[in-house]
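Source file: work_33.txt (compact mmCIF, C-alpha atoms)
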# COMPACT_ATOMS: atom_id res chain seq x y z
CA MET H 292 258.57 5.90 156.18
CA LYS H 293 257.04 2.76 154.67
CA HIS H 294 254.85 2.78 151.59
CA LEU H 295 251.56 1.11 150.68
CA ILE H 296 250.85 1.61 146.99
CA VAL H 297 247.60 0.77 145.20
CA ILE H 298 247.77 0.43 141.41
CA GLY H 299 244.38 1.18 139.92
CA ALA H 300 241.60 3.53 141.03
CA GLY H 301 238.54 1.70 139.79
CA THR H 302 235.95 0.23 142.14
CA ALA H 303 238.40 -2.10 143.87
CA GLY H 304 241.37 0.24 144.28
CA THR H 305 239.31 3.24 145.35
CA THR H 306 237.32 1.28 147.92
CA VAL H 307 240.43 -0.25 149.51
CA ALA H 308 242.35 3.04 149.52
CA ASN H 309 239.51 4.88 151.23
CA GLN H 310 239.16 2.15 153.84
CA MET H 311 242.91 1.97 154.53
CA ARG H 312 243.38 5.73 154.87
CA GLY H 313 242.44 5.80 158.54
CA ARG H 314 243.87 2.40 159.40
CA LEU H 315 247.55 2.84 158.54
CA PRO H 316 250.20 3.40 161.24
CA ARG H 317 251.71 6.89 161.23
CA ASP H 318 254.95 5.69 159.70
CA TRP H 319 253.15 4.44 156.57
CA SER H 320 252.16 6.42 153.48
CA LEU H 321 249.38 5.57 151.03
CA THR H 322 249.48 6.31 147.30
CA VAL H 323 247.08 5.38 144.51
CA ILE H 324 248.31 5.33 140.91
CA ASP H 325 245.91 5.67 137.97
CA PRO H 326 246.27 7.67 134.73
CA GLU H 327 242.58 8.34 134.06
CA PRO H 328 241.18 11.73 135.14
CA GLU H 329 237.61 10.44 135.62
CA HIS H 330 235.98 7.52 137.39
CA LEU H 331 233.50 5.51 135.31
CA PHE H 332 230.44 3.85 136.87
CA GLN H 333 230.63 0.75 134.69
CA PRO H 334 227.10 -0.63 135.35
CA ASP H 335 225.73 2.36 133.41
CA LEU H 336 227.39 1.11 130.23
CA ILE H 337 224.47 -1.23 129.51
CA PHE H 338 222.03 1.69 129.70
CA VAL H 339 223.89 4.19 127.50
CA PRO H 340 223.23 2.34 124.18
CA PHE H 341 219.46 2.53 124.76
CA GLY H 342 219.31 6.18 125.83
CA MET H 343 218.53 5.19 129.43
CA GLN H 344 221.58 7.04 130.74
CA THR H 345 223.74 9.83 129.33
CA PRO H 346 227.49 9.22 129.01
CA GLU H 347 228.29 12.28 131.10
CA ARG H 348 226.32 11.05 134.13
CA ALA H 349 228.36 7.83 134.24
CA LEU H 350 231.52 9.82 135.04
CA ARG H 351 232.90 11.73 138.03
CA PRO H 352 236.22 13.51 138.43
CA ARG H 353 238.73 11.08 139.92
CA GLY H 354 239.77 13.50 142.63
CA ARG H 355 236.25 13.53 144.08
CA THR H 356 236.29 9.77 144.71
CA PHE H 357 239.04 9.83 147.37
CA ARG H 358 239.02 11.03 150.96
CA GLY H 359 242.49 12.29 151.96
CA VAL H 360 244.33 9.85 149.72
CA ARG H 361 247.29 10.80 147.53
CA TRP H 362 246.51 10.09 143.88
CA MET H 363 249.19 10.09 141.19
CA GLN H 364 247.78 10.55 137.69
CA ARG H 365 250.34 8.37 135.95
CA GLY H 366 250.49 5.06 134.12
CA VAL H 367 252.51 2.08 135.33
CA GLU H 368 255.06 0.55 132.96
CA SER H 369 256.28 -2.35 135.10
CA VAL H 370 256.82 -3.69 138.61
CA ASP H 371 260.21 -5.01 139.74
CA THR H 372 259.23 -7.44 142.48
CA ASP H 373 262.86 -8.12 143.48
CA LYS H 374 263.68 -4.45 144.09
CA LYS H 375 260.12 -3.58 145.14
CA ARG H 376 259.97 -0.72 142.66
CA ILE H 377 257.28 0.54 140.29
CA ALA H 378 258.33 2.16 137.01
CA LEU H 379 255.97 4.94 135.88
CA ASP H 380 255.30 6.19 132.36
CA ASN H 381 257.28 9.39 132.99
CA GLY H 382 260.44 7.48 133.96
CA ASP H 383 260.03 7.92 137.72
CA GLN H 384 260.23 4.97 140.08
CA LEU H 385 258.37 4.43 143.33
CA LYS H 386 259.39 2.13 146.15
CA TYR H 387 256.76 0.01 147.90
CA ASP H 388 256.69 -2.10 151.03
CA LEU H 389 253.21 -3.43 150.33
CA LEU H 390 251.56 -3.37 146.93
CA VAL H 391 247.89 -3.78 145.99
CA ILE H 392 247.20 -4.56 142.34
CA ALA H 393 243.69 -3.39 141.47
CA SER H 394 244.34 -2.56 137.83
CA GLY H 395 241.23 -4.27 136.50
CA ALA H 396 240.69 -5.79 133.07
CA GLU H 397 240.58 -4.22 129.63
CA ILE H 398 239.03 -5.29 126.35
CA ARG H 399 241.44 -6.44 123.64
CA PRO H 400 239.57 -6.51 120.32
CA ASP H 401 242.94 -6.71 118.58
CA GLU H 402 243.21 -10.31 119.80
CA THR H 403 240.51 -11.46 117.34
CA ALA H 404 241.36 -11.45 113.64
CA GLY H 405 239.25 -9.02 111.63
CA LEU H 406 237.32 -7.63 114.59
CA MET H 407 238.89 -4.19 114.21
CA GLY H 408 238.57 -4.18 110.43
CA ASP H 409 236.66 -1.76 108.22
CA GLU H 410 233.37 -2.30 110.08
CA TRP H 411 234.75 -1.50 113.54
CA GLN H 412 232.43 1.13 115.07
CA ARG H 413 230.37 1.10 111.88
CA ALA H 414 228.61 -2.28 112.09
CA ILE H 415 230.69 -3.74 114.94
CA PHE H 416 230.57 -2.19 118.41
CA ASP H 417 231.62 -2.91 121.96
CA PHE H 418 229.79 -1.54 124.99
CA TYR H 419 232.46 -2.18 127.64
CA THR H 420 233.93 1.28 127.01
CA LEU H 421 232.08 4.58 127.21
CA GLU H 422 233.11 5.42 123.66
CA GLY H 423 231.86 2.07 122.39
CA ALA H 424 228.57 2.31 124.28
CA THR H 425 227.97 5.84 122.96
CA LYS H 426 228.64 4.88 119.35
CA LEU H 427 226.45 1.80 119.74
CA ARG H 428 223.66 4.11 120.94
CA ASP H 429 223.85 6.06 117.70
CA ALA H 430 223.94 2.89 115.60
CA LEU H 431 220.91 1.40 117.37
CA ALA H 432 218.94 4.62 116.93
CA ALA H 433 219.53 4.41 113.17
CA PHE H 434 218.89 0.65 112.90
CA GLU H 435 215.67 -0.20 111.09
CA GLY H 436 215.84 -3.98 110.99
CA GLY H 437 218.05 -6.99 110.35
CA ARG H 438 220.16 -9.42 112.33
CA VAL H 439 221.71 -8.24 115.60
CA VAL H 440 224.31 -10.60 117.05
CA VAL H 441 225.65 -10.35 120.60
CA ASN H 442 228.90 -12.31 120.88
CA ILE H 443 231.19 -13.14 123.79
CA VAL H 444 234.56 -13.92 122.23
CA GLU H 445 235.94 -15.78 125.25
CA MET H 446 235.75 -15.95 129.01
CA PRO H 447 236.49 -14.49 131.53
CA ILE H 448 234.93 -11.07 131.07
CA LYS H 449 233.94 -8.18 133.31
CA CYS H 450 230.40 -8.58 134.62
CA PRO H 451 229.50 -11.93 133.03
CA VAL H 452 225.78 -11.06 133.01
CA ALA H 453 226.23 -7.82 131.03
CA PRO H 454 225.99 -9.54 127.60
CA LEU H 455 222.66 -11.04 128.68
CA GLU H 456 221.49 -7.64 129.90
CA ILE H 457 222.38 -5.94 126.62
CA THR H 458 220.45 -8.68 124.77
CA PHE H 459 217.35 -8.39 126.96
CA LEU H 460 217.45 -4.60 126.72
CA ALA H 461 217.77 -4.79 122.93
CA ASP H 462 214.63 -6.94 122.86
CA SER H 463 212.83 -4.37 125.00
CA TYR H 464 214.23 -1.45 122.99
CA PHE H 465 213.18 -2.75 119.58
CA THR H 466 209.78 -3.73 120.97
CA GLY H 467 209.32 -0.15 122.18
CA ARG H 468 210.24 1.16 118.74
CA GLY H 469 207.76 -1.20 117.06
CA LEU H 470 210.58 -2.98 115.22
CA ARG H 471 210.93 -6.23 117.16
CA ASP H 472 209.36 -8.36 114.42
CA GLN H 473 211.91 -6.91 111.98
CA VAL H 474 214.94 -7.69 114.16
CA GLU H 475 216.47 -11.12 114.62
CA LEU H 476 218.41 -11.33 117.90
CA ILE H 477 221.10 -13.99 118.31
CA TYR H 478 223.13 -14.60 121.47
CA VAL H 479 226.47 -16.23 120.62
CA THR H 480 228.53 -17.59 123.51
CA PRO H 481 231.50 -19.91 124.11
CA LEU H 482 229.60 -21.37 127.08
CA ASP H 483 227.30 -24.37 126.78
CA GLY H 484 224.35 -22.23 127.82
CA ALA H 485 223.27 -18.75 128.81
CA PHE H 486 225.41 -18.58 131.98
CA THR H 487 228.26 -20.35 133.76
CA LYS H 488 226.11 -21.85 136.56
CA PRO H 489 223.61 -24.58 135.55
CA ILE H 490 220.51 -23.47 137.48
CA ALA H 491 220.85 -19.82 136.45
CA SER H 492 221.79 -20.88 132.93
CA ARG H 493 218.54 -22.84 132.52
CA ALA H 494 216.44 -20.01 133.93
CA LEU H 495 218.11 -17.36 131.77
CA GLY H 496 218.09 -19.64 128.74
CA SER H 497 214.33 -20.03 129.11
CA MET H 498 213.95 -16.25 129.18
CA LEU H 499 215.93 -15.95 125.94
CA THR H 500 213.83 -18.66 124.28
CA ASP H 501 210.56 -17.09 125.44
CA ARG H 502 211.59 -13.82 123.81
CA GLY H 503 212.49 -15.39 120.51
CA ILE H 504 216.22 -14.89 120.97
CA ARG H 505 218.30 -17.64 119.38
CA VAL H 506 221.28 -19.00 121.32
CA GLU H 507 224.41 -20.24 119.55
CA ALA H 508 226.27 -22.06 122.34
CA GLU H 509 229.83 -23.40 122.46
CA PHE H 510 230.81 -20.95 119.73
CA ASN H 511 234.49 -20.05 120.04
CA ALA H 512 234.93 -16.98 117.88
CA GLY H 513 238.14 -17.02 115.90
CA GLU H 514 237.65 -14.46 113.14
CA VAL H 515 235.37 -11.74 111.82
CA ASP H 516 234.93 -11.35 108.07
CA SER H 517 234.18 -7.64 107.97
CA GLU H 518 233.64 -7.52 104.21
CA HIS H 519 230.83 -10.09 104.29
CA LYS H 520 229.75 -9.37 107.89
CA VAL H 521 230.22 -12.90 109.14
CA LEU H 522 231.37 -14.08 112.56
CA LYS H 523 233.38 -17.32 112.30
CA SER H 524 234.29 -19.87 114.96
CA TRP H 525 237.43 -21.97 115.18
CA ASP H 526 235.37 -25.04 114.17
CA GLU H 527 234.22 -23.21 111.01
CA ARG H 528 230.69 -22.36 112.10
CA GLU H 529 229.43 -19.05 110.76
CA VAL H 530 226.92 -16.45 112.00
CA PRO H 531 226.13 -13.59 109.61
CA PHE H 532 225.20 -10.22 111.08
CA ASP H 533 223.99 -6.78 110.16
CA LEU H 534 225.07 -5.35 113.51
CA LEU H 535 227.53 -7.10 115.80
CA ILE H 536 227.73 -6.25 119.51
CA THR H 537 231.01 -7.77 120.59
CA ILE H 538 232.36 -8.57 124.02
CA PRO H 539 236.04 -8.89 123.05
CA THR H 540 238.75 -10.85 124.79
CA HIS H 541 239.51 -9.40 128.22
CA MET H 542 243.02 -9.21 129.59
CA GLY H 543 244.72 -7.78 132.63
CA ALA H 544 246.76 -4.58 132.59
CA ARG H 545 249.74 -4.44 130.25
CA PHE H 546 252.19 -3.73 133.09
CA VAL H 547 251.15 -7.06 134.66
CA GLU H 548 252.13 -8.82 131.45
CA ALA H 549 255.38 -6.82 131.15
CA SER H 550 256.32 -7.64 134.74
CA GLY H 551 255.76 -11.38 134.46
CA LEU H 552 253.11 -11.20 137.19
CA GLY H 553 250.20 -12.64 135.21
CA ASP H 554 248.88 -15.78 133.57
CA GLU H 555 248.35 -16.14 129.81
CA LEU H 556 245.65 -13.43 129.94
CA ALA H 557 247.68 -11.18 132.28
CA PHE H 558 245.47 -11.84 135.28
CA VAL H 559 247.43 -12.20 138.51
CA PRO H 560 247.41 -15.67 140.14
CA THR H 561 245.84 -14.98 143.52
CA ASP H 562 245.14 -17.03 146.63
CA ASN H 563 241.40 -17.76 146.66
CA ALA H 564 240.89 -16.98 150.34
CA THR H 565 243.60 -14.48 151.43
CA LEU H 566 243.85 -12.45 148.17
CA ARG H 567 247.64 -12.47 148.35
CA ALA H 568 249.44 -12.83 145.01
CA GLN H 569 250.79 -16.33 144.66
CA GLY H 570 254.53 -16.35 145.29
CA HIS H 571 254.66 -12.77 146.62
CA ASP H 572 254.24 -12.10 150.34
CA ASP H 573 254.17 -8.33 149.83
CA ILE H 574 251.61 -8.13 146.98
CA PHE H 575 247.83 -8.40 147.23
CA VAL H 576 245.30 -8.43 144.41
CA LEU H 577 241.58 -7.74 144.16
CA GLY H 578 238.85 -6.94 141.69
CA ASP H 579 239.07 -7.78 138.01
CA ALA H 580 242.88 -8.06 138.13
CA THR H 581 242.77 -11.48 139.86
CA ASN H 582 242.52 -14.88 138.22
CA LEU H 583 240.04 -16.07 140.85
CA PRO H 584 237.19 -18.39 139.76
CA THR H 585 234.50 -15.86 140.63
CA SER H 586 232.78 -13.07 138.73
CA LYS H 587 234.67 -9.96 137.71
CA ALA H 588 232.00 -7.66 139.16
CA GLY H 589 231.75 -4.67 141.44
CA SER H 590 230.04 -6.67 144.17
CA VAL H 591 233.02 -9.02 144.27
CA ALA H 592 235.41 -6.11 144.71
CA HIS H 593 233.25 -4.91 147.60
CA PHE H 594 233.22 -8.29 149.35
CA GLN H 595 236.95 -8.76 148.70
CA SER H 596 237.81 -5.35 150.09
CA GLU H 597 236.76 -6.27 153.62
CA VAL H 598 239.07 -9.29 153.60
CA LEU H 599 241.91 -7.41 151.94
CA VAL H 600 241.82 -4.47 154.35
CA GLU H 601 242.03 -6.90 157.26
CA ASN H 602 244.94 -8.76 155.68
CA LEU H 603 246.83 -5.58 154.84
CA GLN H 604 246.63 -4.58 158.49
CA ARG H 605 247.72 -8.04 159.56
CA SER H 606 250.62 -8.00 157.13
CA ILE H 607 251.78 -4.62 158.45
CA ALA H 608 251.61 -5.97 162.01
CA GLY H 609 253.42 -9.20 161.11
CA ARG H 610 250.41 -11.40 161.90
CA SER H 611 249.05 -14.39 159.99
CA LEU H 612 246.44 -13.68 157.31
CA VAL H 613 242.77 -14.57 157.48
CA GLU H 614 241.47 -16.98 154.85
CA ASP H 615 238.11 -15.34 154.64
CA PHE H 616 237.04 -14.62 151.06
CA ASP H 617 234.47 -17.19 149.90
CA GLY H 618 234.03 -16.01 146.31
CA HIS H 619 230.79 -14.17 147.13
CA ALA H 620 229.17 -12.40 144.18
CA ASN H 621 225.75 -10.99 143.48
CA CYS H 622 224.45 -9.30 140.37
CA PHE H 623 221.28 -7.59 139.28
CA ILE H 624 220.43 -8.71 135.74
CA GLU H 625 218.47 -6.06 133.88
CA SER H 626 215.89 -7.96 131.82
CA GLY H 627 214.08 -5.14 130.02
CA PHE H 628 210.54 -3.80 130.25
CA GLY H 629 211.32 -2.22 133.64
CA LYS H 630 212.28 -5.47 135.35
CA ALA H 631 215.42 -7.18 136.59
CA MET H 632 216.57 -10.44 138.15
CA LEU H 633 219.07 -10.97 140.98
CA ILE H 634 221.55 -13.79 141.54
CA ASP H 635 223.70 -14.47 144.63
CA PHE H 636 226.43 -17.14 144.75
CA ASN H 637 230.02 -17.98 145.74
CA TYR H 638 232.82 -20.44 144.98
CA ASP H 639 230.78 -23.45 146.12
CA GLN H 640 227.11 -22.50 145.82
CA GLU H 641 225.45 -21.63 142.53
CA PRO H 642 222.54 -19.17 142.34
CA LEU H 643 219.27 -20.37 143.87
CA PRO H 644 215.75 -18.92 144.02
CA GLY H 645 214.59 -17.13 147.16
CA VAL H 646 214.91 -13.63 148.60
CA TYR H 647 217.88 -11.36 149.40
CA PRO H 648 219.46 -10.10 151.58
CA TYR H 649 217.13 -10.96 154.46
CA PRO H 650 215.00 -14.11 154.91
CA VAL H 651 211.27 -13.72 154.31
CA VAL H 652 211.33 -9.92 153.86
CA GLY H 653 213.95 -9.77 151.09
CA PRO H 654 213.15 -7.27 149.66
CA PHE H 655 214.72 -8.55 146.43
CA GLN H 656 213.74 -11.69 144.53
CA LEU H 657 216.43 -14.20 143.54
CA LEU H 658 216.28 -15.84 140.11
CA LYS H 659 213.00 -14.07 139.40
CA GLU H 660 212.16 -10.97 137.42
CA SER H 661 210.57 -8.08 139.30
CA ARG H 662 210.22 -4.32 139.11
CA ARG H 663 211.62 -4.08 142.63
CA ASN H 664 214.84 -5.68 141.41
CA HIS H 665 215.01 -3.11 138.59
CA TRP H 666 214.64 -0.25 141.05
CA GLY H 667 217.25 -1.93 143.25
CA LYS H 668 219.70 -1.91 140.36
CA LEU H 669 219.05 1.77 139.71
CA ALA H 670 219.34 2.60 143.42
CA PHE H 671 222.78 1.01 143.45
CA ARG H 672 224.12 4.09 141.66
CA TRP H 673 223.60 6.12 144.84
CA VAL H 674 225.02 3.33 147.01
CA TYR H 675 228.06 3.11 144.75
CA TRP H 676 229.00 6.80 144.82
CA ASN H 677 228.05 7.49 148.44
CA MET H 678 228.83 4.28 150.30
CA LEU H 679 230.86 1.70 148.39
CA LEU H 680 233.56 3.95 146.91
CA PRO H 681 234.04 6.04 150.09
CA GLY H 682 234.51 2.78 152.01
CA ARG H 683 231.47 3.20 154.25
CA PRO H 684 229.73 0.10 155.67
CA ILE H 685 227.01 -1.43 153.49
CA PRO H 686 224.39 -3.50 155.37
CA VAL H 687 224.70 -6.72 153.36
CA PRO H 688 226.63 -9.82 154.48
CA ASN H 689 230.22 -10.15 153.31
CA HIS H 690 229.93 -13.95 153.16
CA MET H 691 227.28 -15.60 151.06
CA SER H 692 224.42 -16.85 153.24
CA MET H 693 221.89 -19.60 152.54
CA ALA H 694 219.31 -17.65 154.55
CA GLY H 695 216.36 -16.83 152.32
CA LYS H 696 217.39 -19.28 149.60
CA ARG H 697 215.39 -22.34 148.52
CA LEU H 698 217.09 -25.63 147.75
CA LEU H 699 215.63 -27.14 144.62
CA PRO H 700 213.87 -30.51 144.82
CA ASP H 701 213.92 -31.05 141.06
CA ALA H 702 217.19 -30.45 139.20
CA ASP H 703 215.33 -30.41 135.88
CA ASN H 704 212.98 -27.65 137.03
CA PRO H 705 215.25 -24.82 138.23
CA LEU H 706 212.43 -22.66 139.52
CA ALA H 707 210.42 -25.40 141.22
CA ALA H 708 208.97 -24.44 144.59

Please express what this file holds, its structure, as structure tokens.
Amino acid sequence: MKHLIVIGAGTAGTTVANQMRGRLPRDWSLTVIDPEPEHLFQPDLIFVPFGMQTPERALRPRGRTFRGVRWMQRGVESVDTDKKRIALDNGDQLKYDLLVIASGAEIRPDETAGLMGDEWQRAIFDFYTLEGATKLRDALAAFEGGRVVVNIVEMPIKCPVAPLEITFLADSYFTGRGLRDQVELIYVTPLDGAFTKPIASRALGSMLTDRGIRVEAEFNAGEVDSEHKVLKSWDEREVPFDLLITIPTHMGARFVEASGLGDELAFVPTDNATLRAQGHDDIFVLGDATNLPTSKAGSVAHFQSEVLVENLQRSIAGRSLVEDFDGHANCFIESGFGKAMLIDFNYDQEPLPGVYPYPVVGPFQLLKESRRNHWGKLAFRWVYWNMLLPGRPIPVPNHMSMAGKRLLPDADNPLAA
């Protein structure tokens, strides 16, 4: 018997495992390893702080997310790539013939001096964990005015648009409470603008400006002075706060670091097109665990899974791999007041205006706020639980298409017709 093992049962690992279940030869077994008993729908984390979703509804028992797949509820300590063995947290070892690393990314607030000081989860909160989002909800409900700072410590992070969404939703939330004129919102980022891609960055930056949200760009956070509630950069700039919403440093899984499989942030160097781990013919990587120059987002894991499943089958059969992943990503950006924006891009093409996924009919607008986009984002919950995770086909193109997109005649006017 030969063994395919998937480490990680988040979006990426679950999707691939469910797709591979019926595609493996009879002399192959399939095992998924993940220590967490519940599966978290991470897009709901932006809604929890504003009472738009309950923490409980963002979770499902892990066992309900698989279809006939063996799941081991254990943690991974290390991977011995020479012996092809995985050391578990209970001392057991598992042999693999093919390994898929889908262990995601985790926040590491301990990497920033002072971030986890006396004000941690009192005046300083994350929202990338369910605990953090829930405690932020309580803090926002009690907040009566002052300076709210949203800070990205460093890139890359999971869902790069989430910090913008939390900022837009805070604007909407405080407006709804009649407190907006008593709250100063500041968006602090290490990027030179609101987003990584120029056209989208200009459009999103304009939205921030129009809503009276100050942007502190190229701010590389180095320290938090908890006593005086001041965020400090490496170049000695300072941003005081009354409430700090932090997006801490993200790193790959600790077993990746312990096994020498990762880069300086413990993300696994991965071939851009085949999704095979660089230097390892028997290891593939997808989702947030990769070091690929594309978004760490659920849509990316979905688009990657189709390529990875094909290449796993080819690897089993001894055939050459397809170089078929183009970096495709798309993201709904919740913008508050019952609206959202949508962006669609890949390695080579930045987001453009237009419609998605079909020319003319859309139905979703690209780089434009609409209520339809908001309802599309909410509808994705059903798609996620009932189609994406089970590995069922979703009727959107795997590769990014230019159909429905408008090339821009004026680079200085990102939304020019």

ask   = Please, what distance in Å, to one decimal, runs between atom CA of H:Ile457 and atom CA of H:Pro531?
value =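 Result for atom CA of H:Ile457 versus atom CA of H:Pro531: 19.0 Å, one decimal.
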
So that I can see what lies close to H:Phe341, please list as a tab-separated table (two decimals) with C-alpha atoms, keeping the file's coordinate frame the residues with an atom at most 10 Å from it, counting only C-alpha atoms and leaving out residues fewer than 4 positions away in the same chain.
chain	number	residue	atom	x	y	z
H	336	LEU	CA	227.39	1.11	130.23
H	337	ILE	CA	224.47	-1.23	129.51
H	345	THR	CA	223.74	9.83	129.33
H	424	ALA	CA	228.57	2.31	124.28
H	425	THR	CA	227.97	5.84	122.96
H	427	LEU	CA	226.45	1.80	119.74
H	428	ARG	CA	223.66	4.11	120.94
H	429	ASP	CA	223.85	6.06	117.70
H	431	LEU	CA	220.91	1.40	117.37
H	432	ALA	CA	218.94	4.62	116.93
H	457	ILE	CA	222.38	-5.94	126.62
H	460	LEU	CA	217.45	-4.60	126.72
H	461	ALA	CA	217.77	-4.79	122.93
H	463	SER	CA	212.83	-4.37	125.00
H	464	TYR	CA	214.23	-1.45	122.99
H	465	PHE	CA	213.18	-2.75	119.58

inquiry  = Could you tell me how far atom CA of H:Tyr419 sits from atom CA of H:Phe575, in Å to one decimal place?
reply    =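 Taking atom CA of H:Phe575 as the start and atom CA of H:Tyr419 as the end point, the length is 25.7 Å.
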
Can you list every residue of stretch 509-614 of chain H that has an atom at most 12 Å from stretch 652-674 of chain H, with its nearest atom pair and the distance in Å to one decimal, using only C-alpha atoms, ordered by chain then number, as a tab-separated table?
residue	atom	partner	partner_atom	distance
H:Gly589	CA	H:Phe671	CA	10.8
H:Ser590	CA	H:Phe671	CA	10.6
H:His593	CA	H:Val674	CA	11.7

Same residues, C-alpha atoms, saved as a PDB file, keeping the file's coordinate frame:
ATOM      1  CA  GLY H 589     231.750  -4.670 141.440  1.00  0.00           C
ATOM      2  CA  SER H 590     230.040  -6.670 144.170  1.00  0.00           C
ATOM      3  CA  HIS H 593     233.250  -4.910 147.600  1.00  0.00           C
TER       4      HIS H 593
END

task = Identify, on the basis of only C-alpha atoms, every residue whose closest approach to H:Val360 does not exceed 10 Å; exclude the query and any residue fewer than 5 positions from it along the same chain; express the result as a PyMOL selection string.
result = chain H and resi 305+308-309+311-313+320-323+354

Can you write just those residues out, C-alpha atoms, as a PDB file, in the coordinates of the input?
ATOM      1  CA  THR H 305     239.310   3.240 145.350  1.00  0.00           C
ATOM      2  CA  ALA H 308     242.350   3.040 149.520  1.00  0.00           C
ATOM      3  CA  ASN H 309     239.510   4.880 151.230  1.00  0.00           C
ATOM      4  CA  MET H 311     242.910   1.970 154.530  1.00  0.00           C
ATOM      5  CA  ARG H 312     243.380   5.730 154.870  1.00  0.00           C
ATOM      6  CA  GLY H 313     242.440   5.800 158.540  1.00  0.00           C
ATOM      7  CA  SER H 320     252.160   6.420 153.480  1.00  0.00           C
ATOM      8  CA  LEU H 321     249.380   5.570 151.030  1.00  0.00           C
ATOM      9  CA  THR H 322     249.480   6.310 147.300  1.00  0.00           C
ATOM     10  CA  VAL H 323     247.080   5.380 144.510  1.00  0.00           C
ATOM     11  CA  GLY H 354     239.770  13.500 142.630  1.00  0.00           C
TER      12      GLY H 354
END

key: Point (243.5, 1.4, 140.4), cut-off 6 Å, counting all atoms listed in the file, residues as a VMD selection string   = chain H and resid 298 to 301 304 325 393 to 394

Would you output that residue set with C-alpha atoms, as a PDB file, in the coordinates of the input?
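The resulting part_4.pdb:
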ATOM      1  CA  ILE H 298     247.770   0.430 141.410  1.00  0.00           C
ATOM      2  CA  GLY H 299     244.380   1.180 139.920  1.00  0.00           C
ATOM      3  CA  ALA H 300     241.600   3.530 141.030  1.00  0.00           C
ATOM      4  CA  GLY H 301     238.540   1.700 139.790  1.00  0.00           C
ATOM      5  CA  GLY H 304     241.370   0.240 144.280  1.00  0.00           C
ATOM      6  CA  ASP H 325     245.910   5.670 137.970  1.00  0.00           C
ATOM      7  CA  ALA H 393     243.690  -3.390 141.470  1.00  0.00           C
ATOM      8  CA  SER H 394     244.340  -2.560 137.830  1.00  0.00           C
TER       9      SER H 394
END

Can you sort out the box for stretch 297-301 of chain H, edges along x, y and z, all listed atoms in, 3 Å on every side, with centre and edge lengths in Å to one decimal, as JSON?
{"center_x": 243.2, "center_y": 2.0, "center_z": 142.5, "size_x": 15.2, "size_y": 9.1, "size_z": 11.4}

task = To one decimal in Å, tell me the separation between atom CA of H:Pro328 and atom CA of H:Gly366.
result =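 Calculated distance between atom CA of H:Pro328 and atom CA of H:Gly366 is 11.5 Å.
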
message = For a quick check of understanding, using only C-alpha atoms, which of H:Arg348, H:Arg399, H:Arg697, H:His571 has the smallest distance to H:Ala557?
response =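 Under the stated criterion, the closest residue is H:Arg399.
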
ask   = Which protein, DNA or RNA residues have an atom at most 8 Å from (231.8, -16.4, 145.6), counting only C-alpha atoms? List them as a VMD selection string.
value = chain H and resid 585 to 586 591 616 to 620 636 to 640 691

Keeping C-alpha atoms for every residue in the selection just given, could you write it to a file as a compact mmCIF listing (two decimals), keeping the file's coordinate frame?
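Output contents, as saved in result.txt:
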# COMPACT_ATOMS: atom_id res chain seq x y z
CA THR H 585 234.50 -15.86 140.63
CA SER H 586 232.78 -13.07 138.73
CA VAL H 591 233.02 -9.02 144.27
CA PHE H 616 237.04 -14.62 151.06
CA ASP H 617 234.47 -17.19 149.90
CA GLY H 618 234.03 -16.01 146.31
CA HIS H 619 230.79 -14.17 147.13
CA ALA H 620 229.17 -12.40 144.18
CA PHE H 636 226.43 -17.14 144.75
CA ASN H 637 230.02 -17.98 145.74
CA TYR H 638 232.82 -20.44 144.98
CA ASP H 639 230.78 -23.45 146.12
CA GLN H 640 227.11 -22.50 145.82
CA MET H 691 227.28 -15.60 151.06

ask   = From the set H:Met343, H:Asp318, H:Asp573, H:Gln310, which residue has the shortest atom-to-atom contact distance to H:Gly609, counting all atoms listed in the file?
value = H:Asp573

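In this comparison, which uses all atoms listed in the file, the residue of H:Ala494, H:Asn442, H:Pro560, H:Glu555 approaching H:Phe510 most closely is H:Asn442.
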
request  = Find, counting only C-alpha atoms, the residue in H:Tyr675, H:Phe338, H:Phe332, H:Tyr478 that gets nearest to H:Ile536.
outcome  =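 Smallest distance to H:Ile536 is found for H:Tyr478.
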
inquiry  = Just want the 7 Å neighbourhood of H:Pro642, counted on only C-alpha atoms, with same-chain residues fewer than 4 positions away dropped. Output as a PyMOL selection string.
reply    = chain H and resi 490-491+634-636

request  = Would you mind telling me which residue in H:Pro539, H:Asn563, H:Thr480, H:Val339 lies nearest to H:Ser524 when using only C-alpha atoms?
outcome  =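 Once distances to H:Ser524 are computed over only C-alpha atoms, the minimum belongs to H:Thr480.
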
request  = For H:Asp380, list every protein, DNA or RNA residue within 12 Å, evaluated using only C-alpha atoms, and leave out those in the same chain fewer than 3 positions away; present the list as an NGL selection string.
outcome  = :H and (324-326 or 363-370 or 377 or 383-385 or 546)

task = Write out as a list in words the residues lying within 12 Å of H:Asn677, counting all atoms listed in the file and excluding same-chain residues fewer than 6 positions away.
result =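 So the residues in contact are Thr306, Arg355, Thr356, Phe357, Arg358, Ala670, Phe671, Arg683, Pro684 and Ile685 of chain H.
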
Pick from H:Arg376, H:Arg528, H:Lys520, H:Arg317, whichever lies nearest to H:Val479 using only C-alpha atoms =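 Of H:Arg376, H:Arg528, H:Lys520, H:Arg317, the one nearest H:Val479 is H:Arg528, counting only C-alpha atoms.
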